[in-house]
Amino acid sequence: MTLPSYPVPEGAGYPAGSALSIRGLAKSFGGKPAVNGISLEVPTGSFYGLVGPNGAGKTTTLSMATGLLRPDAGTALVLGIDVWQDPLGAKRLMGVLPDGVRLFDRLSGEQLITYAGLLHGLDRATVAARTRDLLEAFDLTADARTLVVDYSAGMTKKIALAASLVHAPRLLVLDEPFESVDPVSAANIRAILTDYVHSGGTVIVSSHVMDLVQRMCDHVAVVAQGQLLAAGTVDEVRGESTLEDRFVQLVGGHGPAEGLSWLRT
Amino acid sequence: MVAHLITLKLVLLRNGLRRSVGQLVGLIIGSLYGLGLLFLAVLGLILLRLADAAIAEPIVVLGGSALLAGWAFAPILVSGVDLTLDPGRFALYPIPLSRLLVGQALAGIIGVPGACTAVALAATVVTWARDPLTFIAGIVGAALALGLCVVVSRLVASAVTDLATSRRFREGSRMIMMVPIVLLGPIVGLAIRGMETNLEAMRSLAQVLAWTPLGAALAVPGAVAEGHLLEAFAKLLIAAASLAVAAWAWSRALARALVTPASRASSGSKAGRRGLGPFGWMPASPAGAVAARALIYWVRDPRYGTALIIVPLVPVILFFSSAQQHQSDVFLLSGPLAAFLLAWSLATDVSYDSTAFSLHLTAGVRGRADRWGRALALLTFAVPAAIVIALVPFAVSGRWGLLPAYMGLALGVLLSGSGLASVVSSRFTVTVPLPGESPFKRPPGNATQTFLVQIGGLLTLGLLVLPEIVLVALSVGTGETGYGWAALLVGVVLGSALFVLGITLGGIWLDRRGPEVYASLVRSG
């Protein structure tokens with residue numbers, strides 16, 4: 001991987017090999033800045049981790065990069081297409097798993113994937129074949145006709161991920177894909193994503209499980225309080241220490257809690 | 001604990017107001033309306049102090065019974081249960097049930113209706129401040145009545161929520177149970193109309209009510225004032241016993257709500273019965289997919305069904321009200337009114353999606369496809385339904401000559417209304433119960449915008465179907481069938497044109513403002 005993946009100055013050119021280029025994205029809610037000028041370069045074919053503490057602006061950044069939330073400033077390009085100038089063109093290339101949103105959960109799992117496929121304009125035969133494959137890959141075939149509302153949390157994540165894959169996107173933007181997923185399903189999801197990256201796709205995931213990011217991703221960016229603290233390959237960012245230690249050091253958390261002496265039984 | 005719950009309710013109220021100016025305006029309007037009614041009631045009750053006990057008693061009993069009935073039916077009819085202190089939310093805290101009960105009851109009084117009721121009931125004490133014994137009876141009676149109002153409304157609310165969220169009743173069967181409740185209005189109206197001409201009937205009704213839980217509490221001081229002490233004691237027993245029974249039933253419901261949080265009882269037995277459903281036969285395009293999804297939701301999501309329960313009952317209700325007033329022309333409006341209710345239900349469609357709408361946004365669905373799909377799903381059943389309902393009054397009355405005119409109006413309202421609703425729902429989101437919540441839950445939020453959107457929509461629709469209205473009026477006035485056929489033609493042609501215009505306009509708007517619509521859905525869900 002020779003492509004640059006460092007924090008880039010605003011206004012720098014867009015490298016041709018980038019799956020996602022973010023330049024100076026900013027968003028405030030009610031006067032409070034949630035994201036304060038983040039620029040990122042996600043190389044094509046990378047498995048990119050976006051880490052940060054709760055409230056760091058990960059979800060806001062990804063929402064702006066995927067066309068869900070209009071930024072106050074800045075641009076986002078997906079494979080060279082501006083998300084906010086040509087939203088339909090950019091969305092065709094992207095598979096998105098937003099965090100904390102509802103699904104159309106009165107549909108069965110099979111219907112939900114079919115729905116996503118048809119919304120993307122695929123024809124009926126393609127949708128039917130891909131739905132079958134996705135249900136198979138995510139081990140959901142037995143529950144294909146159960147309503148999504150009756151799924152467990154892990155199954156719900158998997159069906160949402162399956163729905164975001166149905167149009168064969170070239171870039172996957174996944175917000176907290178492993179939250180409340182059991183280890184077996186997590187391994188299942190990881191295998192599918194790794195496979196996808198090996199076949200030339202690009203994945204960007206947000207997470208605050210450092211261990212997972214260190215094992216799974218090849219690139220990582222650390223954000224906190226709406227700003228980018230570090231970005232690069234995982235090895236560059238973590239240096240000699242583990243990613244978790246480096247992260248705590250960067251974000252500046254405080255050490256073992258001395259204050260809760262009454263909690264020691 | 002009790003103080004905590006009351007503080008919590010007040011803090012929730014204040015924070016809600018801080019968050020939106022609209023809600024503040026709503027509260028002020030509600031307060032002014034309540035204050036006006038309250039002023040009249042209090043004034044009347046004080047003046048009754050001067051009247052003979054035999055005259056005052058039936059009036060107080062009738063008013064009190066109506067008040068209690070109002071509290072009991074408000075959770076159902078106003079389609080809003082104030083669940084800010086939803087018992088399920090306290091399930092995790094170690095709070096003794098009895099304290100939670102008292103706290104919830106007292107918190108129920110906080111708010112405009114509760115405060116007004118408390119003041120009005122306090123005024124009955126003035127009515128009965130005739131001698132020490134009657135005065136004391138007045139205080140006891142008013143306190144019991146206030147307790148009954150709060151406890152009964154809470155009991156009904158939790159029963160309704162229970163019913164609406166339990167899985168068994170979700171799909172369809174619950175709607176049938178709603179029929180008698182919807183019809184209650186016309187039946188009560190018919191009864192009252194018969195009564196009000198007859199003072200003697202009023203008096204005997206009051207006498208009966210005084211022996212029922214509805215009126216017993218407020219009948220106690222009257223009986224004391226007239227010197228029937230034994231009778232007063234019996235009525236006191238009835239009132240106290242009904243309060244005790246209602247409180248007991250409510251505490252059971254509350255205890256159950258604490259251990260079985262609503263809506264999470266899963267069945268899982270449905271597996272294997274459904275295939276792709278409408279996705280199999282709707283056109284394989286984005287618009288067709290949206291239509292298929294919307295159709296599934298019309299059937300499977302109780303929030304949609306609840307909005308439609310009233311539609312088949314429109315002719316029945318209008319038949320009753322026109323029978324009372326000897327104006328059978330109101331009955332003829334069944335078709336247009338049902339068409340309006342059907343068309344307008346599209347206006348809340350996007351709001352019902354809640355954040356699931358993100359799928360449309362990330363999939364890059366064109367606004368026009370979104371609008372077409374939703375409207376198509378509605379029209380597949382709304383067109384036949386509107387036509388059948390429009391036929392009913394003519395089949396009953398046999399005035400077939402006016403059919404084309406009213407049919408034209410009904411179709412015009414349905415088509416123009418669907419077009420208008422497609423524009424409205426692409427611009428405004430309204431506060432609705434979230435997916436999976438009880439259709440009767442009144443969500444906190446911007447009730448005033450919801451109200452303004454409704455009124456504005458109604459007025460605009462009135463303008464859009466003005467040609468049809470004029471032609472119907474001409475047809476009725478002159479008796480010329482030609483005007484009727486013209487109305488039918490205009491209804492279909494102009495209606496279709498406005499429908500397509502609405503879809504196109506709404507689609508353009510949605511394309512431009514999709515993220516903003518989504519942002520407002522995120523805020524309310």
# chains A, B, ... in the order shown; residues from 1 in each chain; ligands from 1

call {"tool": "select_by_dssp", "arguments": {"residues": "region 54-220 of chain A", "states": "strand (DSSP E)", "output": "VMD selection string"}}
result
chain A and resid 73 to 78 81 to 82 94 to 97 171 to 175 202 to 207 219 to 220

call {"tool": "interface_residues", "arguments": {"of": "chain A", "to": "chain B", "cutoff": "10 Å", "atoms": "only C-alpha atoms", "output": "MDAnalysis selection string"}}
result
chainID A and resid 63:64 66:70 87:98 100:112 114:125 127:128 142:147 149:151 160 163:164 167

call {"tool": "write_last_selection", "arguments": {"atoms": "C-alpha atoms", "output": "PDB file, in the first residue's frame"}}
result
ATOM      1  CA  SER A  63     -23.366  10.463   8.083  1.00  0.00           C
ATOM      2  CA  MET A  64     -21.984  13.452   6.227  1.00  0.00           C
ATOM      3  CA  THR A  66     -22.764   9.047   3.078  1.00  0.00           C
ATOM      4  CA  GLY A  67     -25.318  11.713   2.243  1.00  0.00           C
ATOM      5  CA  LEU A  68     -27.452  11.346   5.351  1.00  0.00           C
ATOM      6  CA  LEU A  69     -26.492  14.627   6.994  1.00  0.00           C
ATOM      7  CA  ARG A  70     -25.774  17.844   5.131  1.00  0.00           C
ATOM      8  CA  PRO A  87     -25.797  12.138  -4.489  1.00  0.00           C
ATOM      9  CA  LEU A  88     -27.426   9.449  -6.642  1.00  0.00           C
ATOM     10  CA  GLY A  89     -24.169   8.648  -8.449  1.00  0.00           C
ATOM     11  CA  ALA A  90     -22.192   8.441  -5.215  1.00  0.00           C
ATOM     12  CA  LYS A  91     -24.838   6.372  -3.410  1.00  0.00           C
ATOM     13  CA  ARG A  92     -24.778   3.776  -6.177  1.00  0.00           C
ATOM     14  CA  LEU A  93     -21.144   3.024  -5.283  1.00  0.00           C
ATOM     15  CA  MET A  94     -21.667   2.934  -1.541  1.00  0.00           C
ATOM     16  CA  GLY A  95     -23.140   0.428   0.874  1.00  0.00           C
ATOM     17  CA  VAL A  96     -24.082   2.075   4.141  1.00  0.00           C
ATOM     18  CA  LEU A  97     -24.884   0.655   7.566  1.00  0.00           C
ATOM     19  CA  PRO A  98     -25.893   3.600   9.747  1.00  0.00           C
ATOM     20  CA  GLY A 100     -28.829   3.453  15.726  1.00  0.00           C
ATOM     21  CA  VAL A 101     -31.421   3.730  12.971  1.00  0.00           C
ATOM     22  CA  ARG A 102     -34.529   1.618  12.685  1.00  0.00           C
ATOM     23  CA  LEU A 103     -35.091  -0.872   9.923  1.00  0.00           C
ATOM     24  CA  PHE A 104     -38.347  -1.540   8.145  1.00  0.00           C
ATOM     25  CA  ASP A 105     -38.752  -4.271  10.698  1.00  0.00           C
ATOM     26  CA  ARG A 106     -42.279  -5.350   9.820  1.00  0.00           C
ATOM     27  CA  LEU A 107     -40.749  -6.982   6.775  1.00  0.00           C
ATOM     28  CA  SER A 108     -39.265 -10.444   6.936  1.00  0.00           C
ATOM     29  CA  GLY A 109     -35.506 -10.722   6.522  1.00  0.00           C
ATOM     30  CA  GLU A 110     -35.960 -11.905   2.966  1.00  0.00           C
ATOM     31  CA  GLN A 111     -38.321  -9.047   2.160  1.00  0.00           C
ATOM     32  CA  LEU A 112     -35.962  -6.467   3.657  1.00  0.00           C
ATOM     33  CA  THR A 114     -35.356  -7.687  -1.564  1.00  0.00           C
ATOM     34  CA  TYR A 115     -36.626  -4.208  -0.762  1.00  0.00           C
ATOM     35  CA  ALA A 116     -33.105  -2.778  -0.570  1.00  0.00           C
ATOM     36  CA  GLY A 117     -32.187  -4.443  -3.856  1.00  0.00           C
ATOM     37  CA  LEU A 118     -35.253  -3.163  -5.707  1.00  0.00           C
ATOM     38  CA  LEU A 119     -34.746   0.347  -4.297  1.00  0.00           C
ATOM     39  CA  HIS A 120     -31.311   0.293  -5.897  1.00  0.00           C
ATOM     40  CA  GLY A 121     -32.980  -0.497  -9.195  1.00  0.00           C
ATOM     41  CA  LEU A 122     -31.808  -4.079  -9.616  1.00  0.00           C
ATOM     42  CA  ASP A 123     -34.012  -6.427 -11.623  1.00  0.00           C
ATOM     43  CA  ARG A 124     -36.102  -9.107  -9.981  1.00  0.00           C
ATOM     44  CA  ALA A 125     -33.965 -12.122 -10.932  1.00  0.00           C
ATOM     45  CA  VAL A 127     -32.375  -9.458  -6.469  1.00  0.00           C
ATOM     46  CA  ALA A 128     -33.740 -12.957  -5.861  1.00  0.00           C
ATOM     47  CA  ALA A 142     -33.626 -20.480   8.535  1.00  0.00           C
ATOM     48  CA  ASP A 143     -35.043 -17.130   9.680  1.00  0.00           C
ATOM     49  CA  ALA A 144     -35.570 -15.661   6.209  1.00  0.00           C
ATOM     50  CA  ARG A 145     -39.336 -15.494   6.705  1.00  0.00           C
ATOM     51  CA  THR A 146     -39.348 -14.304  10.296  1.00  0.00           C
ATOM     52  CA  LEU A 147     -40.186 -10.633  10.779  1.00  0.00           C
ATOM     53  CA  VAL A 149     -38.786  -7.135  14.551  1.00  0.00           C
ATOM     54  CA  ASP A 150     -38.543 -10.605  16.087  1.00  0.00           C
ATOM     55  CA  TYR A 151     -34.810 -10.937  15.335  1.00  0.00           C
ATOM     56  CA  ALA A 160     -28.948  -4.693   7.938  1.00  0.00           C
ATOM     57  CA  ALA A 163     -29.210  -5.229   2.902  1.00  0.00           C
ATOM     58  CA  SER A 164     -26.339  -2.768   2.481  1.00  0.00           C
ATOM     59  CA  HIS A 167     -26.232  -3.779  -4.837  1.00  0.00           C
TER      60      HIS A 167
END

call {"tool": "atom_distance", "arguments": {"atom1": "CA of Gly37 (chain A)", "atom2": "CA of Gln227 (chain A)"}}
result
6.7 Å

call {"tool": "residues_around", "arguments": {"residues": "Lys157 (chain A)", "least_positions_apart": "3", "cutoff": "8 Å", "atoms": "only C-alpha atoms", "output": "PDB file with C-alpha atoms, in the first residue's frame"}}
result
ATOM      1  CA  ALA A 153     -29.820  -7.765  18.133  1.00  0.00           C
ATOM      2  CA  GLY A 154     -27.035  -9.680  16.382  1.00  0.00           C
ATOM      3  CA  ALA A 160     -28.948  -4.693   7.938  1.00  0.00           C
ATOM      4  CA  LEU A 161     -25.427  -5.426   6.723  1.00  0.00           C
ATOM      5  CA  PRO A 177     -21.110  -3.046  12.798  1.00  0.00           C
ATOM      6  CA  PHE A 178     -20.024  -5.165  15.767  1.00  0.00           C
ATOM      7  CA  VAL A 181     -23.093  -8.874  18.076  1.00  0.00           C
TER       8      VAL A 181
END

call {"tool": "residues_around", "arguments": {"residues": "Gln249 (chain A)", "least_positions_apart": "3", "cutoff": "12 Å", "atoms": "only C-alpha atoms", "output": "PyMOL selection string"}}
result
chain A and resi 52+222+224+229-230+237-238+241-246+252-255

call {"tool": "write_last_selection", "arguments": {"atoms": "all heavy atoms", "output": "mmCIF file, in the first residue's frame"}}
result
data_model
loop_
_atom_site.group_PDB
_atom_site.id
_atom_site.type_symbol
_atom_site.label_atom_id
_atom_site.label_comp_id
_atom_site.auth_asym_id
_atom_site.auth_seq_id
_atom_site.Cartn_x
_atom_site.Cartn_y
_atom_site.Cartn_z
ATOM 1 N N GLY A 52 -12.659 6.248 18.110
ATOM 2 C CA GLY A 52 -12.785 7.438 18.928
ATOM 3 C C GLY A 52 -13.707 7.164 20.085
ATOM 4 O O GLY A 52 -14.494 6.218 20.022
ATOM 5 N N VAL A 222 -7.874 8.127 14.260
ATOM 6 C CA VAL A 222 -8.363 8.374 15.621
ATOM 7 C C VAL A 222 -8.992 9.761 15.661
ATOM 8 O O VAL A 222 -8.346 10.754 15.298
ATOM 9 C CB VAL A 222 -7.206 8.298 16.643
ATOM 10 C CG1 VAL A 222 -7.744 8.502 18.054
ATOM 11 C CG2 VAL A 222 -6.484 6.971 16.526
ATOM 12 N N ALA A 224 -11.336 12.533 18.106
ATOM 13 C CA ALA A 224 -11.878 12.863 19.415
ATOM 14 C C ALA A 224 -12.313 14.311 19.381
ATOM 15 O O ALA A 224 -11.651 15.153 18.756
ATOM 16 C CB ALA A 224 -10.841 12.653 20.514
ATOM 17 N N LEU A 229 -7.019 13.094 15.322
ATOM 18 C CA LEU A 229 -5.798 13.122 16.133
ATOM 19 C C LEU A 229 -4.654 12.393 15.439
ATOM 20 O O LEU A 229 -3.501 12.788 15.558
ATOM 21 C CB LEU A 229 -6.056 12.490 17.496
ATOM 22 C CG LEU A 229 -7.122 13.177 18.358
ATOM 23 C CD1 LEU A 229 -7.214 12.500 19.708
ATOM 24 C CD2 LEU A 229 -6.804 14.654 18.526
ATOM 25 N N ALA A 230 -4.955 11.315 14.744
ATOM 26 C CA ALA A 230 -3.919 10.571 14.051
ATOM 27 C C ALA A 230 -4.569 9.752 12.961
ATOM 28 O O ALA A 230 -5.728 9.391 13.063
ATOM 29 C CB ALA A 230 -3.179 9.643 15.018
ATOM 30 N N VAL A 237 0.286 4.147 13.320
ATOM 31 C CA VAL A 237 -0.403 4.860 14.386
ATOM 32 C C VAL A 237 -0.039 4.294 15.747
ATOM 33 O O VAL A 237 0.227 5.037 16.690
ATOM 34 C CB VAL A 237 -1.935 4.819 14.170
ATOM 35 C CG1 VAL A 237 -2.659 5.359 15.397
ATOM 36 C CG2 VAL A 237 -2.320 5.628 12.944
ATOM 37 N N ARG A 238 0.041 2.964 15.869
ATOM 38 C CA ARG A 238 0.248 2.433 17.214
ATOM 39 C C ARG A 238 1.721 2.435 17.617
ATOM 40 O O ARG A 238 2.025 2.449 18.807
ATOM 41 C CB ARG A 238 -0.339 1.036 17.338
ATOM 42 C CG ARG A 238 0.432 -0.069 16.641
ATOM 43 C CD ARG A 238 -0.345 -1.361 16.728
ATOM 44 N NE ARG A 238 0.265 -2.378 15.896
ATOM 45 C CZ ARG A 238 1.031 -3.371 16.392
ATOM 46 N NH1 ARG A 238 1.234 -3.462 17.686
ATOM 47 N NH2 ARG A 238 1.548 -4.260 15.584
ATOM 48 N N SER A 241 3.526 0.507 20.935
ATOM 49 C CA SER A 241 2.556 0.030 21.915
ATOM 50 C C SER A 241 1.357 -0.617 21.210
ATOM 51 O O SER A 241 1.331 -0.753 19.988
ATOM 52 C CB SER A 241 2.077 1.202 22.777
ATOM 53 O OG SER A 241 1.583 2.224 21.935
ATOM 54 N N THR A 242 0.381 -1.054 21.995
ATOM 55 C CA THR A 242 -0.842 -1.570 21.392
ATOM 56 C C THR A 242 -1.699 -0.383 20.967
ATOM 57 O O THR A 242 -1.520 0.736 21.452
ATOM 58 C CB THR A 242 -1.655 -2.412 22.389
ATOM 59 O OG1 THR A 242 -2.086 -1.562 23.447
ATOM 60 C CG2 THR A 242 -0.839 -3.565 22.927
ATOM 61 N N LEU A 243 -2.623 -0.640 20.088
ATOM 62 C CA LEU A 243 -3.499 0.427 19.605
ATOM 63 C C LEU A 243 -4.302 1.012 20.761
ATOM 64 O O LEU A 243 -4.516 2.216 20.841
ATOM 65 C CB LEU A 243 -4.427 -0.121 18.515
ATOM 66 C CG LEU A 243 -5.299 0.912 17.829
ATOM 67 C CD1 LEU A 243 -4.463 1.973 17.146
ATOM 68 C CD2 LEU A 243 -6.227 0.258 16.819
ATOM 69 N N GLU A 244 -4.708 0.124 21.669
ATOM 70 C CA GLU A 244 -5.528 0.575 22.791
ATOM 71 C C GLU A 244 -4.767 1.575 23.657
ATOM 72 O O GLU A 244 -5.273 2.637 24.001
ATOM 73 C CB GLU A 244 -5.966 -0.632 23.620
ATOM 74 C CG GLU A 244 -6.784 -0.249 24.834
ATOM 75 C CD GLU A 244 -7.881 -1.239 25.113
ATOM 76 O OE1 GLU A 244 -7.895 -2.310 24.478
ATOM 77 O OE2 GLU A 244 -8.732 -0.936 25.951
ATOM 78 N N ASP A 245 -3.497 1.257 24.002
ATOM 79 C CA ASP A 245 -2.699 2.158 24.831
ATOM 80 C C ASP A 245 -2.461 3.478 24.113
ATOM 81 O O ASP A 245 -2.569 4.556 24.690
ATOM 82 C CB ASP A 245 -1.346 1.513 25.181
ATOM 83 C CG ASP A 245 -1.544 0.364 26.156
ATOM 84 O OD1 ASP A 245 -2.621 0.321 26.782
ATOM 85 O OD2 ASP A 245 -0.642 -0.486 26.259
ATOM 86 N N ARG A 246 -2.117 3.362 22.831
ATOM 87 C CA ARG A 246 -1.856 4.551 22.019
ATOM 88 C C ARG A 246 -3.116 5.427 21.962
ATOM 89 O O ARG A 246 -3.042 6.649 22.067
ATOM 90 C CB ARG A 246 -1.455 4.093 20.611
ATOM 91 C CG ARG A 246 -1.207 5.214 19.641
ATOM 92 C CD ARG A 246 0.114 5.919 19.924
ATOM 93 N NE ARG A 246 0.327 7.004 18.992
ATOM 94 C CZ ARG A 246 0.617 8.243 19.348
ATOM 95 N NH1 ARG A 246 0.739 8.559 20.623
ATOM 96 N NH2 ARG A 246 0.802 9.174 18.434
ATOM 97 N N GLY A 252 -6.327 10.970 25.831
ATOM 98 C CA GLY A 252 -6.068 11.591 27.125
ATOM 99 C C GLY A 252 -7.061 11.225 28.196
ATOM 100 O O GLY A 252 -7.567 12.074 28.929
ATOM 101 N N GLY A 253 -7.388 9.926 28.283
ATOM 102 C CA GLY A 253 -8.252 9.485 29.374
ATOM 103 C C GLY A 253 -7.459 9.452 30.653
ATOM 104 O O GLY A 253 -6.233 9.533 30.646
ATOM 105 N N HIS A 254 -8.145 9.348 31.805
ATOM 106 C CA HIS A 254 -7.345 9.236 33.022
ATOM 107 C C HIS A 254 -7.294 7.803 33.512
ATOM 108 O O HIS A 254 -8.097 6.959 33.159
ATOM 109 C CB HIS A 254 -7.789 10.223 34.105
ATOM 110 C CG HIS A 254 -9.236 10.172 34.447
ATOM 111 N ND1 HIS A 254 -9.716 9.475 35.509
ATOM 112 C CD2 HIS A 254 -10.306 10.761 33.860
ATOM 113 C CE1 HIS A 254 -11.015 9.635 35.566
ATOM 114 N NE2 HIS A 254 -11.406 10.394 34.589
ATOM 115 N N GLY A 255 -6.289 7.530 34.317
ATOM 116 C CA GLY A 255 -5.896 6.175 34.671
ATOM 117 C C GLY A 255 -6.890 5.469 35.558
ATOM 118 O O GLY A 255 -8.054 5.824 35.586
#

call {"tool": "decode", "arguments": {"residues": "region 486-503 of chain B", "atoms": "N, CA, C and O atoms", "output": "compact mmCIF listing (two decimals), in the first residue's frame"}}
result
# COMPACT_ATOMS: atom_id res chain seq x y z
N ALA B 486 -70.90 16.47 -14.95
CA ALA B 486 -69.76 17.38 -15.06
C ALA B 486 -68.87 17.24 -13.84
O ALA B 486 -67.62 17.21 -13.94
N ALA B 487 -69.49 17.14 -12.65
CA ALA B 487 -68.71 17.00 -11.42
C ALA B 487 -67.87 15.72 -11.46
O ALA B 487 -66.70 15.71 -11.07
N LEU B 488 -68.50 14.65 -11.97
CA LEU B 488 -67.77 13.38 -12.05
C LEU B 488 -66.55 13.51 -12.97
O LEU B 488 -65.45 13.09 -12.64
N LEU B 489 -66.79 14.16 -14.13
CA LEU B 489 -65.71 14.34 -15.10
C LEU B 489 -64.59 15.19 -14.50
O LEU B 489 -63.41 14.82 -14.54
N VAL B 490 -64.98 16.32 -13.89
CA VAL B 490 -63.98 17.22 -13.31
C VAL B 490 -63.24 16.51 -12.18
O VAL B 490 -62.01 16.61 -12.06
N GLY B 491 -63.99 15.76 -11.37
CA GLY B 491 -63.35 15.06 -10.25
C GLY B 491 -62.26 14.14 -10.73
O GLY B 491 -61.16 14.13 -10.17
N VAL B 492 -62.55 13.38 -11.78
CA VAL B 492 -61.55 12.41 -12.26
C VAL B 492 -60.40 13.12 -12.97
O VAL B 492 -59.22 12.86 -12.68
N VAL B 493 -60.73 14.06 -13.89
CA VAL B 493 -59.68 14.67 -14.71
C VAL B 493 -58.83 15.64 -13.89
O VAL B 493 -57.60 15.51 -13.81
N LEU B 494 -59.50 16.60 -13.23
CA LEU B 494 -58.75 17.58 -12.43
C LEU B 494 -58.04 16.87 -11.28
O LEU B 494 -56.87 17.15 -10.97
N GLY B 495 -58.75 15.90 -10.67
CA GLY B 495 -58.14 15.15 -9.57
C GLY B 495 -56.87 14.45 -10.01
O GLY B 495 -55.84 14.55 -9.35
N SER B 496 -56.92 13.77 -11.16
CA SER B 496 -55.73 13.06 -11.64
C SER B 496 -54.60 14.03 -11.93
O SER B 496 -53.43 13.76 -11.60
N ALA B 497 -54.94 15.18 -12.52
CA ALA B 497 -53.91 16.17 -12.84
C ALA B 497 -53.25 16.66 -11.56
O ALA B 497 -52.01 16.72 -11.46
N LEU B 498 -54.06 17.00 -10.57
CA LEU B 498 -53.50 17.49 -9.32
C LEU B 498 -52.70 16.40 -8.61
O LEU B 498 -51.69 16.66 -7.96
N PHE B 499 -53.15 15.15 -8.77
CA PHE B 499 -52.44 14.02 -8.18
C PHE B 499 -51.03 13.93 -8.74
O PHE B 499 -50.04 13.90 -8.01
N VAL B 500 -50.94 13.95 -10.08
CA VAL B 500 -49.62 13.84 -10.72
C VAL B 500 -48.76 15.05 -10.37
O VAL B 500 -47.57 14.93 -10.08
N LEU B 501 -49.39 16.22 -10.33
CA LEU B 501 -48.66 17.44 -9.98
C LEU B 501 -48.08 17.32 -8.56
O LEU B 501 -46.91 17.63 -8.30
N GLY B 502 -48.93 16.83 -7.64
CA GLY B 502 -48.49 16.68 -6.25
C GLY B 502 -47.34 15.71 -6.12
O GLY B 502 -46.37 15.97 -5.41
N ILE B 503 -47.44 14.59 -6.84
CA ILE B 503 -46.37 13.59 -6.80
C ILE B 503 -45.07 14.20 -7.31
O ILE B 503 -44.01 14.05 -6.70
